[in-house]
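J.: Provided herewith: data15.pdb, PDB, C-alpha atoms.
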```pdb
ATOM      1  CA  MET B   3     -51.664 -12.939  19.283  1.00  0.00           C
ATOM      2  CA  GLN B   4     -54.737 -10.792  19.916  1.00  0.00           C
ATOM      3  CA  ILE B   5     -55.257  -7.228  18.771  1.00  0.00           C
ATOM      4  CA  ALA B   6     -54.586  -5.031  21.804  1.00  0.00           C
ATOM      5  CA  GLN B   7     -52.926  -1.773  22.798  1.00  0.00           C
ATOM      6  CA  ASN B   8     -49.555  -1.381  21.017  1.00  0.00           C
ATOM      7  CA  SER B   9     -50.058  -4.250  18.586  1.00  0.00           C
ATOM      8  CA  VAL B  10     -49.847  -3.868  14.818  1.00  0.00           C
ATOM      9  CA  ALA B  11     -52.699  -5.386  12.843  1.00  0.00           C
ATOM     10  CA  SER B  12     -52.957  -6.042   9.114  1.00  0.00           C
ATOM     11  CA  LEU B  13     -56.476  -6.053   7.698  1.00  0.00           C
ATOM     12  CA  SER B  14     -58.324  -6.577   4.482  1.00  0.00           C
ATOM     13  CA  TYR B  15     -61.737  -4.921   4.384  1.00  0.00           C
ATOM     14  CA  VAL B  16     -64.557  -3.553   2.296  1.00  0.00           C
ATOM     15  CA  LEU B  17     -66.149  -0.332   3.553  1.00  0.00           C
ATOM     16  CA  THR B  18     -69.676   0.478   2.355  1.00  0.00           C
ATOM     17  CA  ASP B  19     -72.264   3.125   3.141  1.00  0.00           C
ATOM     18  CA  THR B  20     -75.903   2.473   4.042  1.00  0.00           C
ATOM     19  CA  LYS B  21     -76.792   2.131   0.338  1.00  0.00           C
ATOM     20  CA  GLY B  22     -74.197  -0.610  -0.116  1.00  0.00           C
ATOM     21  CA  GLU B  23     -71.881   1.582  -2.194  1.00  0.00           C
ATOM     22  CA  ILE B  24     -68.212   0.684  -1.773  1.00  0.00           C
ATOM     23  CA  LEU B  25     -66.332   3.640  -0.272  1.00  0.00           C
ATOM     24  CA  ASP B  26     -62.942   2.027   0.292  1.00  0.00           C
ATOM     25  CA  GLU B  27     -61.237  -1.329   0.453  1.00  0.00           C
ATOM     26  CA  ALA B  28     -57.969  -2.973   1.371  1.00  0.00           C
ATOM     27  CA  THR B  29     -56.994  -6.339  -0.079  1.00  0.00           C
ATOM     28  CA  THR B  30     -54.792  -9.198   1.053  1.00  0.00           C
ATOM     29  CA  GLU B  31     -52.277  -8.030  -1.578  1.00  0.00           C
ATOM     30  CA  SER B  32     -52.411  -4.455  -0.320  1.00  0.00           C
ATOM     31  CA  PRO B  33     -53.594  -4.632   3.300  1.00  0.00           C
ATOM     32  CA  PHE B  34     -54.345  -1.829   5.704  1.00  0.00           C
ATOM     33  CA  VAL B  35     -51.780  -1.898   8.534  1.00  0.00           C
ATOM     34  CA  TYR B  36     -52.203   0.163  11.700  1.00  0.00           C
ATOM     35  CA  LEU B  37     -50.892   0.576  15.246  1.00  0.00           C
ATOM     36  CA  HIS B  38     -53.707  -0.280  17.636  1.00  0.00           C
ATOM     37  CA  GLY B  39     -54.376   2.282  20.369  1.00  0.00           C
ATOM     38  CA  ALA B  40     -52.648   5.179  18.608  1.00  0.00           C
ATOM     39  CA  ASN B  41     -55.829   6.763  17.190  1.00  0.00           C
ATOM     40  CA  ASN B  42     -54.829   5.701  13.672  1.00  0.00           C
ATOM     41  CA  ILE B  43     -58.339   4.465  12.806  1.00  0.00           C
ATOM     42  CA  ILE B  44     -61.887   5.446  13.711  1.00  0.00           C
ATOM     43  CA  SER B  45     -62.809   4.575  17.288  1.00  0.00           C
ATOM     44  CA  GLY B  46     -65.754   2.310  16.434  1.00  0.00           C
ATOM     45  CA  LEU B  47     -63.630   0.026  14.286  1.00  0.00           C
ATOM     46  CA  GLU B  48     -60.749   0.016  16.750  1.00  0.00           C
ATOM     47  CA  THR B  49     -63.095  -1.021  19.569  1.00  0.00           C
ATOM     48  CA  ALA B  50     -64.613  -3.824  17.452  1.00  0.00           C
ATOM     49  CA  LEU B  51     -61.151  -5.223  16.662  1.00  0.00           C
ATOM     50  CA  VAL B  52     -59.975  -5.612  20.281  1.00  0.00           C
ATOM     51  CA  GLY B  53     -59.217  -9.252  21.032  1.00  0.00           C
ATOM     52  CA  LYS B  54     -59.398 -10.434  17.412  1.00  0.00           C
ATOM     53  CA  THR B  55     -56.678 -12.689  16.012  1.00  0.00           C
ATOM     54  CA  ALA B  56     -55.326 -13.558  12.560  1.00  0.00           C
ATOM     55  CA  SER B  57     -58.012 -15.047  10.258  1.00  0.00           C
ATOM     56  CA  ASP B  58     -60.911 -13.645  12.336  1.00  0.00           C
ATOM     57  CA  LYS B  59     -63.684 -12.177  10.186  1.00  0.00           C
ATOM     58  CA  LEU B  60     -66.237  -9.636  11.337  1.00  0.00           C
ATOM     59  CA  GLU B  61     -68.942  -7.347  10.042  1.00  0.00           C
ATOM     60  CA  VAL B  62     -69.201  -4.067  11.904  1.00  0.00           C
ATOM     61  CA  THR B  63     -71.720  -1.225  11.584  1.00  0.00           C
ATOM     62  CA  ILE B  64     -70.381   2.027  12.992  1.00  0.00           C
ATOM     63  CA  PRO B  65     -72.590   5.055  13.689  1.00  0.00           C
ATOM     64  CA  PRO B  66     -71.304   8.541  12.834  1.00  0.00           C
ATOM     65  CA  GLU B  67     -70.491   9.306  16.474  1.00  0.00           C
ATOM     66  CA  ASP B  68     -67.909   6.494  16.465  1.00  0.00           C
ATOM     67  CA  ALA B  69     -66.664   7.187  12.944  1.00  0.00           C
ATOM     68  CA  TYR B  70     -66.124  10.675  11.486  1.00  0.00           C
ATOM     69  CA  GLY B  71     -68.678  12.473  13.641  1.00  0.00           C
ATOM     70  CA  VAL B  72     -72.059  13.953  12.905  1.00  0.00           C
ATOM     71  CA  HIS B  73     -72.328  16.612  10.217  1.00  0.00           C
ATOM     72  CA  ASP B  74     -71.762  20.045  11.813  1.00  0.00           C
ATOM     73  CA  GLU B  75     -73.512  22.859   9.929  1.00  0.00           C
ATOM     74  CA  ARG B  76     -71.174  25.374  11.595  1.00  0.00           C
ATOM     75  CA  LEU B  77     -68.367  24.014   9.398  1.00  0.00           C
ATOM     76  CA  THR B  78     -70.233  24.966   6.212  1.00  0.00           C
ATOM     77  CA  GLN B  79     -69.987  28.547   4.995  1.00  0.00           C
ATOM     78  CA  GLN B  80     -70.217  30.699   1.918  1.00  0.00           C
ATOM     79  CA  VAL B  81     -67.130  32.602   0.842  1.00  0.00           C
ATOM     80  CA  SER B  82     -66.128  34.811  -2.059  1.00  0.00           C
ATOM     81  CA  ALA B  83     -64.197  33.293  -4.955  1.00  0.00           C
ATOM     82  CA  ASP B  84     -61.538  35.911  -4.159  1.00  0.00           C
ATOM     83  CA  MET B  85     -60.596  33.771  -1.130  1.00  0.00           C
ATOM     84  CA  PHE B  86     -59.007  31.269  -3.539  1.00  0.00           C
ATOM     85  CA  GLY B  87     -56.437  33.745  -4.855  1.00  0.00           C
ATOM     86  CA  ASP B  88     -54.767  32.650  -8.087  1.00  0.00           C
ATOM     87  CA  VAL B  89     -56.658  29.339  -8.421  1.00  0.00           C
ATOM     88  CA  ASN B  90     -58.076  28.961 -11.915  1.00  0.00           C
ATOM     89  CA  PRO B  91     -61.888  29.436 -11.668  1.00  0.00           C
ATOM     90  CA  SER B  92     -62.367  26.252 -13.728  1.00  0.00           C
ATOM     91  CA  GLN B  93     -60.961  24.324 -10.740  1.00  0.00           C
ATOM     92  CA  LEU B  94     -63.519  25.778  -8.321  1.00  0.00           C
ATOM     93  CA  VAL B  95     -66.211  23.137  -8.773  1.00  0.00           C
ATOM     94  CA  PRO B  96     -68.265  21.050  -6.337  1.00  0.00           C
ATOM     95  CA  GLY B  97     -66.284  18.102  -5.014  1.00  0.00           C
ATOM     96  CA  THR B  98     -62.901  19.805  -5.206  1.00  0.00           C
ATOM     97  CA  GLN B  99     -60.943  19.403  -1.989  1.00  0.00           C
ATOM     98  CA  PHE B 100     -58.035  21.454  -0.707  1.00  0.00           C
ATOM     99  CA  ASN B 101     -56.065  21.934   2.483  1.00  0.00           C
ATOM    100  CA  ALA B 102     -56.730  25.086   4.478  1.00  0.00           C
ATOM    101  CA  GLN B 103     -55.012  26.449   7.550  1.00  0.00           C
ATOM    102  CA  THR B 104     -57.662  26.954  10.259  1.00  0.00           C
ATOM    103  CA  ASN B 105     -57.694  27.765  13.975  1.00  0.00           C
ATOM    104  CA  ALA B 106     -57.771  23.979  14.543  1.00  0.00           C
ATOM    105  CA  GLY B 107     -54.729  23.405  12.306  1.00  0.00           C
ATOM    106  CA  GLU B 108     -54.628  22.128   8.744  1.00  0.00           C
ATOM    107  CA  GLN B 109     -57.997  20.834   7.569  1.00  0.00           C
ATOM    108  CA  VAL B 110     -59.453  19.376   4.376  1.00  0.00           C
ATOM    109  CA  ILE B 111     -62.141  21.642   2.941  1.00  0.00           C
ATOM    110  CA  THR B 112     -64.573  20.547   0.215  1.00  0.00           C
ATOM    111  CA  ILE B 113     -66.343  22.841  -2.237  1.00  0.00           C
ATOM    112  CA  THR B 114     -70.018  21.838  -2.163  1.00  0.00           C
ATOM    113  CA  ALA B 115     -71.616  24.529  -4.370  1.00  0.00           C
ATOM    114  CA  VAL B 116     -70.665  27.375  -6.677  1.00  0.00           C
ATOM    115  CA  GLU B 117     -73.104  30.176  -7.507  1.00  0.00           C
ATOM    116  CA  GLY B 118     -71.399  32.957  -9.429  1.00  0.00           C
ATOM    117  CA  ASP B 119     -68.743  34.464  -7.167  1.00  0.00           C
ATOM    118  CA  THR B 120     -70.110  32.716  -4.071  1.00  0.00           C
ATOM    119  CA  ILE B 121     -68.575  29.379  -3.136  1.00  0.00           C
ATOM    120  CA  THR B 122     -69.950  27.115  -0.421  1.00  0.00           C
ATOM    121  CA  ILE B 123     -67.246  25.223   1.461  1.00  0.00           C
ATOM    122  CA  ASP B 124     -67.585  22.430   4.006  1.00  0.00           C
ATOM    123  CA  GLY B 125     -64.982  21.643   6.669  1.00  0.00           C
ATOM    124  CA  ASN B 126     -66.661  18.406   7.761  1.00  0.00           C
ATOM    125  CA  HIS B 127     -64.926  15.137   6.941  1.00  0.00           C
ATOM    126  CA  PRO B 128     -66.489  13.829   3.699  1.00  0.00           C
ATOM    127  CA  LEU B 129     -67.897  10.851   5.672  1.00  0.00           C
ATOM    128  CA  ALA B 130     -69.270  12.928   8.580  1.00  0.00           C
ATOM    129  CA  GLY B 131     -72.844  11.908   9.330  1.00  0.00           C
ATOM    130  CA  GLU B 132     -72.447   8.530   7.592  1.00  0.00           C
ATOM    131  CA  THR B 133     -73.117   5.152   9.158  1.00  0.00           C
ATOM    132  CA  LEU B 134     -70.290   2.921   7.958  1.00  0.00           C
ATOM    133  CA  HIS B 135     -70.306  -0.829   7.329  1.00  0.00           C
ATOM    134  CA  PHE B 136     -67.037  -2.765   7.432  1.00  0.00           C
ATOM    135  CA  ASP B 137     -66.550  -6.361   6.313  1.00  0.00           C
ATOM    136  CA  VAL B 138     -63.118  -7.098   7.838  1.00  0.00           C
ATOM    137  CA  THR B 139     -60.659  -9.988   7.846  1.00  0.00           C
ATOM    138  CA  VAL B 140     -57.717  -9.844  10.249  1.00  0.00           C
ATOM    139  CA  LEU B 141     -54.672 -10.992   8.269  1.00  0.00           C
ATOM    140  CA  ASP B 142     -51.943 -10.676  10.880  1.00  0.00           C
ATOM    141  CA  VAL B 143     -51.273  -9.346  14.374  1.00  0.00           C
ATOM    142  CA  ARG B 144     -47.827  -8.674  15.834  1.00  0.00           C
ATOM    143  CA  GLU B 145     -46.165  -6.678  18.570  1.00  0.00           C
ATOM    144  CA  ALA B 146     -45.252  -3.119  17.618  1.00  0.00           C
ATOM    145  CA  THR B 147     -41.568  -2.267  17.464  1.00  0.00           C
ATOM    146  CA  ALA B 148     -40.086   0.366  19.768  1.00  0.00           C
ATOM    147  CA  GLU B 149     -39.685   2.668  16.752  1.00  0.00           C
ATOM    148  CA  GLU B 150     -43.351   2.261  15.759  1.00  0.00           C
ATOM    149  CA  LEU B 151     -44.418   3.090  19.305  1.00  0.00           C
ATOM    150  CA  THR B 152     -42.189   6.184  19.278  1.00  0.00           C
ATOM    151  CA  HIS B 153     -43.529   7.307  15.885  1.00  0.00           C
ATOM    152  CA  GLY B 154     -47.154   6.476  16.751  1.00  0.00           C
ATOM    153  CA  HIS B 155     -47.874   4.426  13.616  1.00  0.00           C
ATOM    154  CA  ALA B 156     -47.046   1.131  11.923  1.00  0.00           C
ATOM    155  CA  HIS B 157     -44.126   0.785   9.519  1.00  0.00           C
ATOM    156  CA  ASP B 158     -43.970  -1.294   6.356  1.00  0.00           C
ATOM    157  CA  ALA B 159     -42.408  -4.767   6.143  1.00  0.00           C
ATOM    158  CA  HIS B 160     -38.971  -3.197   5.681  1.00  0.00           C
ATOM    159  CA  GLY B 161     -39.317  -1.001   8.779  1.00  0.00           C
ATOM    160  CA  ASP B 162     -39.842   2.143   6.686  1.00  0.00           C
ATOM    161  CA  CYS B 163     -42.420   4.773   7.518  1.00  0.00           C
ATOM    162  CA  GLY B 164     -41.761   7.426   4.895  1.00  0.00           C
ATOM    163  CA  HIS B 165     -40.414  10.168   7.164  1.00  0.00           C
TER     164      HIS B 165
END
```
Written as C-alpha coordinates, that's how I'd like the structure from this file.
T.:
Amino acid sequence: MQIAQNSVASLSYVLTDTKGEILDEATTESPFVYLHGANNIISGLETALVGKTASDKLEVTIPPEDAYGVHDERLTQQVSADMFGDVNPSQLVPGTQFNAQTNAGEQVITITAVEGDTITIDGNHPLAGETLHFDVTVLDVREATAEELTHGHAHDAHGDCGH
(Lines of atoms letter the chains of each structure in order from A and count residues from 1; the text may use other names and numbers.)
(Lines give C-alpha, C1' and ligand atoms only; values in the text may rest on other atoms or scores of the structure.)
Protein backbone atom coordinates (compact mmCIF):
# COMPACT_ATOMS: atom_id res chain seq x y z
CA MET A 1 0.00 0.00 0.00
CA GLN A 2 1.19 3.53 -0.77
CA ILE A 3 1.13 6.48 1.59
CA ALA A 4 -1.89 8.57 0.60
CA GLN A 5 -4.73 10.58 2.10
CA ASN A 6 -6.25 8.72 5.09
CA SER A 7 -3.51 6.12 5.37
CA VAL A 8 -1.51 5.51 8.54
CA ALA A 9 2.25 5.36 8.12
CA SER A 10 4.89 4.15 10.56
CA LEU A 11 8.32 5.71 10.14
CA SER A 12 11.78 5.57 11.58
CA TYR A 13 13.82 8.72 10.99
CA VAL A 14 16.71 10.89 12.05
CA LEU A 15 16.10 14.65 11.94
CA THR A 16 19.14 16.93 11.75
CA ASP A 17 19.73 20.64 11.31
CA THR A 18 22.05 22.23 8.75
CA LYS A 19 25.05 21.63 11.06
CA GLY A 20 24.29 17.91 11.20
CA GLU A 21 23.15 18.03 14.83
CA ILE A 22 20.49 15.43 15.64
CA LEU A 23 17.28 17.18 16.70
CA ASP A 24 14.96 14.17 16.94
CA GLU A 25 14.68 10.55 15.94
CA ALA A 26 12.26 7.67 15.84
CA THR A 27 13.48 4.08 15.76
CA THR A 28 12.09 0.81 14.46
CA GLU A 29 11.47 -0.14 18.11
CA SER A 30 9.67 3.13 18.80
CA PRO A 31 8.41 4.40 15.43
CA PHE A 32 6.63 7.61 14.60
CA VAL A 33 3.07 6.80 13.48
CA TYR A 34 0.81 9.39 11.86
CA LEU A 35 -2.41 9.80 9.89
CA HIS A 36 -1.52 11.10 6.44
CA GLY A 37 -3.49 14.15 5.28
CA ALA A 38 -4.61 15.22 8.76
CA ASN A 39 -1.93 17.91 9.25
CA ASN A 40 -0.21 15.75 11.87
CA ILE A 41 3.28 16.42 10.45
CA ILE A 42 5.02 19.30 8.71
CA SER A 43 3.82 19.84 5.15
CA GLY A 44 7.20 19.37 3.48
CA LEU A 45 7.67 15.91 4.94
CA GLU A 46 4.08 14.90 4.27
CA THR A 47 4.42 15.90 0.61
CA ALA A 48 7.70 13.96 0.25
CA LEU A 49 6.08 10.80 1.66
CA VAL A 50 3.16 10.63 -0.80
CA GLY A 51 3.31 7.41 -2.80
CA LYS A 52 6.00 5.76 -0.66
CA THR A 53 5.56 2.17 0.50
CA ALA A 54 6.93 -0.01 3.31
CA SER A 55 10.76 -0.29 3.23
CA ASP A 56 11.18 2.84 1.06
CA LYS A 57 14.04 5.06 2.24
CA LEU A 58 14.42 8.74 1.48
CA GLU A 59 16.45 11.78 2.42
CA VAL A 60 14.48 15.00 2.44
CA THR A 61 15.62 18.60 2.97
CA ILE A 62 12.76 20.86 4.01
CA PRO A 63 13.00 24.66 3.99
CA PRO A 64 11.47 26.65 6.85
CA GLU A 65 8.43 27.63 4.77
CA ASP A 66 7.44 23.95 4.53
CA ALA A 67 8.43 23.10 8.10
CA TYR A 68 7.81 25.36 11.12
CA GLY A 69 7.81 28.65 9.23
CA VAL A 70 10.26 31.50 9.06
CA HIS A 71 11.23 33.25 12.29
CA ASP A 72 8.77 36.10 12.94
CA GLU A 73 10.30 38.93 14.99
CA ARG A 74 6.78 40.11 15.90
CA LEU A 75 6.48 37.03 18.14
CA THR A 76 9.47 38.12 20.25
CA GLN A 77 8.89 40.66 23.00
CA GLN A 78 10.23 41.88 26.29
CA VAL A 79 8.01 41.57 29.34
CA SER A 80 8.33 42.22 33.05
CA ALA A 81 9.14 39.33 35.38
CA ASP A 82 5.88 40.23 37.15
CA MET A 83 4.05 38.63 34.20
CA PHE A 84 5.13 35.22 35.53
CA GLY A 85 3.25 35.60 38.82
CA ASP A 86 4.33 33.12 41.49
CA VAL A 87 6.96 31.34 39.36
CA ASN A 88 10.23 31.03 41.26
CA PRO A 89 12.72 33.50 39.67
CA SER A 90 15.32 30.70 39.53
CA GLN A 91 13.10 29.02 36.91
CA LEU A 92 13.05 32.09 34.66
CA VAL A 93 16.13 31.26 32.60
CA PRO A 94 16.83 31.16 28.86
CA GLY A 95 15.52 27.98 27.27
CA THR A 96 12.62 27.54 29.68
CA GLN A 97 9.37 26.86 27.85
CA PHE A 98 5.82 27.27 29.08
CA ASN A 99 2.30 27.30 27.70
CA ALA A 100 0.59 30.67 27.39
CA GLN A 101 -2.95 31.53 26.41
CA THR A 102 -2.81 33.94 23.44
CA ASN A 103 -5.28 35.42 20.96
CA ALA A 104 -4.37 32.48 18.68
CA GLY A 105 -5.06 29.91 21.42
CA GLU A 106 -2.59 28.04 23.59
CA GLN A 107 1.00 28.52 22.44
CA VAL A 108 4.45 27.41 23.58
CA ILE A 109 6.57 30.39 24.62
CA THR A 110 10.34 30.20 25.15
CA ILE A 111 12.39 32.49 27.38
CA THR A 112 15.35 33.64 25.28
CA ALA A 113 17.00 36.22 27.58
CA VAL A 114 16.79 37.55 31.12
CA GLU A 115 18.19 40.96 32.05
CA GLY A 116 17.22 41.92 35.59
CA ASP A 117 13.43 42.23 35.70
CA THR A 118 13.12 42.19 31.90
CA ILE A 119 12.49 38.84 30.24
CA THR A 120 12.58 38.30 26.49
CA ILE A 121 10.06 35.72 25.29
CA ASP A 122 9.66 34.16 21.86
CA GLY A 123 6.40 32.70 20.54
CA ASN A 124 8.00 31.18 17.44
CA HIS A 125 8.26 27.40 17.25
CA PRO A 126 11.77 26.46 18.45
CA LEU A 127 12.55 25.19 14.91
CA ALA A 128 11.15 28.25 13.09
CA GLY A 129 13.64 29.48 10.50
CA GLU A 130 15.47 26.12 10.39
CA THR A 131 16.08 24.05 7.29
CA LEU A 132 15.44 20.46 8.35
CA HIS A 133 17.02 17.26 7.03
CA PHE A 134 15.18 13.96 7.42
CA ASP A 135 16.64 10.51 6.77
CA VAL A 136 13.44 8.41 6.71
CA THR A 137 12.55 4.74 6.37
CA VAL A 138 8.90 3.81 5.84
CA LEU A 139 8.22 0.83 8.11
CA ASP A 140 4.55 0.20 7.42
CA VAL A 141 1.53 1.68 5.66
CA ARG A 142 -2.08 0.71 6.32
CA GLU A 143 -5.58 2.06 5.88
CA ALA A 144 -6.80 4.28 8.70
CA THR A 145 -9.68 2.99 10.79
CA ALA A 146 -12.99 4.85 10.91
CA GLU A 147 -12.19 5.88 14.50
CA GLU A 148 -8.78 7.28 13.51
CA LEU A 149 -10.40 9.29 10.73
CA THR A 150 -12.99 10.63 13.17
CA HIS A 151 -10.32 11.54 15.75
CA GLY A 152 -7.93 12.97 13.14
CA HIS A 153 -4.86 11.00 14.26
CA ALA A 154 -3.40 7.49 14.34
CA HIS A 155 -3.98 5.14 17.27
CA ASP A 156 -1.53 2.68 18.77
CA ALA A 157 -1.45 -1.05 17.94
CA HIS A 158 -4.18 -1.69 20.51
CA GLY A 159 -6.49 0.96 19.03
CA ASP A 160 -5.84 3.37 21.92
CA CYS A 161 -5.29 7.07 21.44
CA GLY A 162 -5.03 8.33 25.00
CA HIS A 163 -8.25 10.35 25.14
J.: For the provided coordinates, the residues matched by the PyMOL selection byres ((chain B and resi 36) around 10) should be stated as a list in words.
T.: Asn8, Ser9, Val10, Ala11, Ser12, Leu13, Pro33, Phe34, Val35, Leu37, His38, Gly39, Ala40, Asn41, Asn42, Ile43, Glu48, Val143, Ala146, Glu150, Gly154, His155, Ala156, His157 and Asp158 of chain B
J.: Kindly indicate which residue among B:Ile24, B:Thr78, B:Leu51, B:Thr63 lies nearest to B:Phe136, using only C-alpha atoms for the distances.
T.: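 Looking only at the distances to B:Phe136, the closest residue turns out to be B:Thr63.
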J.: Around the point (-63.8, -1.0, 21.1), in the coordinates given by the file, pick out the residues reaching within 12 Å, counting all atoms listed in the file, and return them as number ranges by chain.
T.: B: 5-7, 38-39, 41, 43-54, 62, 64, 68-69
J.: Please provide as a VMD selection string all residues within 8 Å of stretch 137-142 of chain B, with the sequence filter that same-chain residues fewer than 4 positions apart are discarded (counting only C-alpha atoms).
T.: chain B and resid 11 to 17 30 54 to 62
J.: Atom CA of B:Arg76 to atom CA of B:Ile113: how many Å, to one decimal?
T.: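 Atom-to-atom, atom CA of B:Arg76 to atom CA of B:Ile113, that is 14.9 Å.
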J.: With all atoms listed in the file as the atoms that count, which of B:Ala130, B:Ala148, B:Val81, B:Ala28 lies nearest to B:Leu94?
T.: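 Closest to B:Leu94, using all atoms listed in the file: B:Val81.
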J.: List as a PDB file with C-alpha atoms, in the coordinates of the input: which residues have an atom within 8 Å of (-63.4, 21.3, 0.9), counting all atoms listed in the file?
T.:
```pdb
ATOM      1  CA  GLY B  97     -66.284  18.102  -5.014  1.00  0.00           C
ATOM      2  CA  THR B  98     -62.901  19.805  -5.206  1.00  0.00           C
ATOM      3  CA  GLN B  99     -60.943  19.403  -1.989  1.00  0.00           C
ATOM      4  CA  PHE B 100     -58.035  21.454  -0.707  1.00  0.00           C
ATOM      5  CA  ASN B 101     -56.065  21.934   2.483  1.00  0.00           C
ATOM      6  CA  VAL B 110     -59.453  19.376   4.376  1.00  0.00           C
ATOM      7  CA  ILE B 111     -62.141  21.642   2.941  1.00  0.00           C
ATOM      8  CA  THR B 112     -64.573  20.547   0.215  1.00  0.00           C
ATOM      9  CA  ILE B 113     -66.343  22.841  -2.237  1.00  0.00           C
ATOM     10  CA  THR B 114     -70.018  21.838  -2.163  1.00  0.00           C
ATOM     11  CA  ILE B 123     -67.246  25.223   1.461  1.00  0.00           C
ATOM     12  CA  ASP B 124     -67.585  22.430   4.006  1.00  0.00           C
ATOM     13  CA  GLY B 125     -64.982  21.643   6.669  1.00  0.00           C
TER      14      GLY B 125
END
```
J.: What separation in Å, quoted to one decimal, exists between atom CA of B:Asn126 and atom CA of B:Asp26?
T.: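 Atom-to-atom, atom CA of B:Asn126 and atom CA of B:Asp26 are spaced 18.4 Å apart.
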J.: Quote the spacing between atom CA of B:Thr20 and atom CA of B:Ala115 in Å to one decimal place.
T.: 24.0 Å
J.: Run the PyMOL selection byres ((chain B and resi 83) around 7) mentally over the shown coordinates, then write out the matched residues as a list in words, using the chain letters and numbers from the document.
T.: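 Applied to this file, the PyMOL selection byres ((chain B and resi 83) around 7) returns Val81, Ser82, Asp84, Met85, Phe86, Asp119, Thr120 and Ile121 of chain B.
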J.: For B:Lys21, which residue among B:Thr104, B:Asn90, B:Pro65, B:Glu132 is the nearest when counting all atoms listed in the file?
T.: B:Glu132
